[in-house]
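Written below as structure tokens is the structure these notes are about.
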Amino acid sequence: MFRKAALPTVSNGSYLQGQANGKLSSMDRGQPAQEGKVVLKKKVTLLRGISIIIGTIIGAGIFISPKGILKNTGSVGMSLTVWTVCGILSLFGALCYAELGTCIKKSGGHYTYILEAFGPLPAFVRVWVELLIIRPAATAVISLAFGRYILEPFFMQCEIPELAIKLITAVGITLVMVLNSTSVSWSARIQMFLTFCKLVAILIIIVPGVIQLIKGETQHFKNAFAGNDASVMGLPLAFYSGMYAYSGWFYLNFVTEEVENPEKNIPLAICISMIIVTVGYVLTNVAYFTTISAGELLLSKAVAVTFAERLMGNFSLAVPVFVALSCFGSMNGGIFAVSRMFFVASREGHLPEILSMIHVRKHTPLPAVIVLHPLTMIMLFNGDLYSLLNFLSFARWLFIGLVVAGLIYLRYKRPDMPRPFKVPLFIPALFSFTCLFMVALSLYSDPVNTGIGFAITLTGIPAYYLFIVWDNKPKWFRKLLGK
């Protein structure tokens, strides 16, 4: 049923000295796969790449709760400024990842770039935290939003039972896992359809908002910067909310080996997607404020539903359905991309060997997909998921800042590396500084949650020495690791 994709690139303790100097020979352009070798096919076109990025970025946040930014900025004008700045910063980060994706043609995203720049220990810590906590918790949270909003039309007059939400959420998670285990083409096609639904949902909000502006409904924009002053402690939390809403621009780099003509399609897909998302997000927030005041927005549990109820009447019932489809698209895109990180980490010898196996007929990394299912179910039915994400949001931006700092380091360390796409040096410098500055400020703003996240991240260090460095493992321990 399964067959190894390729030989691991770890050899004699050197993570770069492998069969093809850190690359899979079968993935290089112009070199066919060796006879009998099963590889992931290049099925991600430009349009599919755009749908992966947009479809993963646009989740429940823009429809449900943009109030996190408003709460921490204190005014309409400042909140719109933060939305715009976060979009520009995300574009800068995405451009840095575009350079990395065109000069390091390996899947795996954050993990691969940290491995190439800084070595195996920080790379292992990154994939350790992603596998155990970040991805299962993030998938469970977005899936809960899917479950809640897919049931919303059936419980208009009463509260939705929590058990019903979790059961339908479990079905949704399982469906996404099965889809990504069965066919790359079908998961990509469904992602394109769901991306179209997301853009339609945003237009359903933007167009009435523009009509309201034409009618002169601008009272909520008067004295836009008046209100509670933004504090030093509030701004990093506002930027966390904004950057979280934009997070997903890096997912195409997780599947680099499956992208057709990556030198051209990765930068194009990233630039087109980020422009569409940034303009859409800012206009959506402007549309909200044409109808809802800042105070009403802070009290609303689902801003898009409140907006639709005021302007669309019975048609507002369609909004929860679009939100549910949007969440399903984020689930699908996230699982599709992150499973490739686990696939590559296993191929490099940092995760059990079975996770780097590919289904012989379906050509999907089936074990790397389904390993998330039990962990996500545990997160779904146990614990405070939102607090858990708060614990680890700092870790995400710490490692993304480290990746972009690694781009600068690689410019110095490996100046002769081919770079088909190259960004001005000030862009990675500004982005990495911003990420690390946000992380430092968050430690000051919320020391308890970020401290817990820091402690969880540090557990990856002893795990690295236990699972990777320790050579004289007992036989039963090696069998457990698949080695």
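Within each chain, counting starts at residue 1; across the structure tokens, chains are named A, B, ... in the order shown, with ligands numbered 1 upward in that order.
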
Leu425 in chain A: which residues within 12 Å, counting only C-alpha atoms, same-chain residues fewer than 4 positions away excluded, as a PyMOL selection string? chain A and resi 92+95-96+99+404-405+407-412+429-432

Export, as a PDB file, in the first residue's frame, the selected residues with C-alpha atoms.
ATOM      1  CA  PHE A  92       6.437  41.521   2.985  1.00  0.00           C
ATOM      2  CA  LEU A  95       7.603  37.977  -0.574  1.00  0.00           C
ATOM      3  CA  CYS A  96      10.418  36.689   1.656  1.00  0.00           C
ATOM      4  CA  GLU A  99      12.375  34.037  -2.462  1.00  0.00           C
ATOM      5  CA  VAL A 404      13.003  35.441   7.522  1.00  0.00           C
ATOM      6  CA  ALA A 405      16.158  36.231   9.526  1.00  0.00           C
ATOM      7  CA  LEU A 407      16.931  34.460   4.532  1.00  0.00           C
ATOM      8  CA  ILE A 408      19.305  37.312   5.444  1.00  0.00           C
ATOM      9  CA  TYR A 409      21.787  34.806   6.894  1.00  0.00           C
ATOM     10  CA  LEU A 410      21.653  32.662   3.731  1.00  0.00           C
ATOM     11  CA  ARG A 411      22.452  35.745   1.627  1.00  0.00           C
ATOM     12  CA  TYR A 412      25.734  35.922   3.591  1.00  0.00           C
ATOM     13  CA  ALA A 429      15.028  43.033   7.771  1.00  0.00           C
ATOM     14  CA  LEU A 430      11.852  45.010   8.543  1.00  0.00           C
ATOM     15  CA  PHE A 431       9.622  41.924   8.695  1.00  0.00           C
ATOM     16  CA  SER A 432      11.878  39.842  10.949  1.00  0.00           C
TER      17      SER A 432
END

So that I can see what lies close to Leu213 in chain A, please list as an mmCIF file with all heavy atoms, in the first residue's frame the residues with an atom at most 9 Å from it, counting only C-alpha atoms and leaving out residues fewer than 4 positions away in the same chain.
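Resulting contents of out08.cif:
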data_model
loop_
_atom_site.group_PDB
_atom_site.id
_atom_site.type_symbol
_atom_site.label_atom_id
_atom_site.label_comp_id
_atom_site.auth_asym_id
_atom_site.auth_seq_id
_atom_site.Cartn_x
_atom_site.Cartn_y
_atom_site.Cartn_z
ATOM 1 N N PRO A 208 -22.973 45.859 -0.440
ATOM 2 C CA PRO A 208 -23.920 46.686 0.325
ATOM 3 C C PRO A 208 -23.221 47.802 1.104
ATOM 4 O O PRO A 208 -23.782 48.892 1.283
ATOM 5 C CB PRO A 208 -24.584 45.691 1.286
ATOM 6 C CG PRO A 208 -24.411 44.366 0.644
ATOM 7 C CD PRO A 208 -23.106 44.435 -0.066
ATOM 8 N N GLY A 209 -21.983 47.539 1.562
ATOM 9 C CA GLY A 209 -21.238 48.571 2.270
ATOM 10 C C GLY A 209 -20.915 49.750 1.375
ATOM 11 O O GLY A 209 -21.022 50.913 1.796
ATOM 12 N N GLU A 217 -23.775 57.180 4.331
ATOM 13 C CA GLU A 217 -23.740 56.605 5.679
ATOM 14 C C GLU A 217 -22.297 56.591 6.192
ATOM 15 O O GLU A 217 -21.628 55.554 6.217
ATOM 16 C CB GLU A 217 -24.322 55.183 5.664
ATOM 17 C CG GLU A 217 -25.772 55.096 5.244
ATOM 18 C CD GLU A 217 -26.715 55.711 6.280
ATOM 19 O OE1 GLU A 217 -26.301 55.803 7.461
ATOM 20 O OE2 GLU A 217 -27.826 56.099 5.928
ATOM 21 N N THR A 218 -21.806 57.756 6.593
ATOM 22 C CA THR A 218 -20.409 57.882 7.028
ATOM 23 C C THR A 218 -20.283 58.363 8.471
ATOM 24 O O THR A 218 -19.206 58.769 8.898
ATOM 25 C CB THR A 218 -19.666 58.861 6.098
ATOM 26 O OG1 THR A 218 -20.323 60.137 6.140
ATOM 27 C CG2 THR A 218 -19.640 58.354 4.665
ATOM 28 N N ALA A 287 -17.032 48.299 5.271
ATOM 29 C CA ALA A 287 -18.458 48.005 5.087
ATOM 30 C C ALA A 287 -19.148 47.794 6.434
ATOM 31 O O ALA A 287 -20.273 48.281 6.641
ATOM 32 C CB ALA A 287 -18.617 46.759 4.210
ATOM 33 N N THR A 290 -20.051 51.071 8.063
ATOM 34 C CA THR A 290 -21.117 51.879 7.455
ATOM 35 C C THR A 290 -22.461 51.613 8.123
ATOM 36 O O THR A 290 -23.384 52.431 8.024
ATOM 37 C CB THR A 290 -21.255 51.581 5.946
ATOM 38 O OG1 THR A 290 -21.616 50.202 5.772
ATOM 39 C CG2 THR A 290 -19.967 51.881 5.203
#

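Among the candidates A:Cys327, A:Ala294, A:Val360, A:Ala60, the one nearest to Ser183 in chain A when counting only C-alpha atoms is A:Val360.
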
Find the residues around range 68-82 of chain A up to 12 Å (only C-alpha atoms counted), leave out those fewer than 5 positions away in its own chain, and share them as a ChimeraX atom specification. /A:61-62,87-90,218-246,278-279,281-290,292-301,303,445
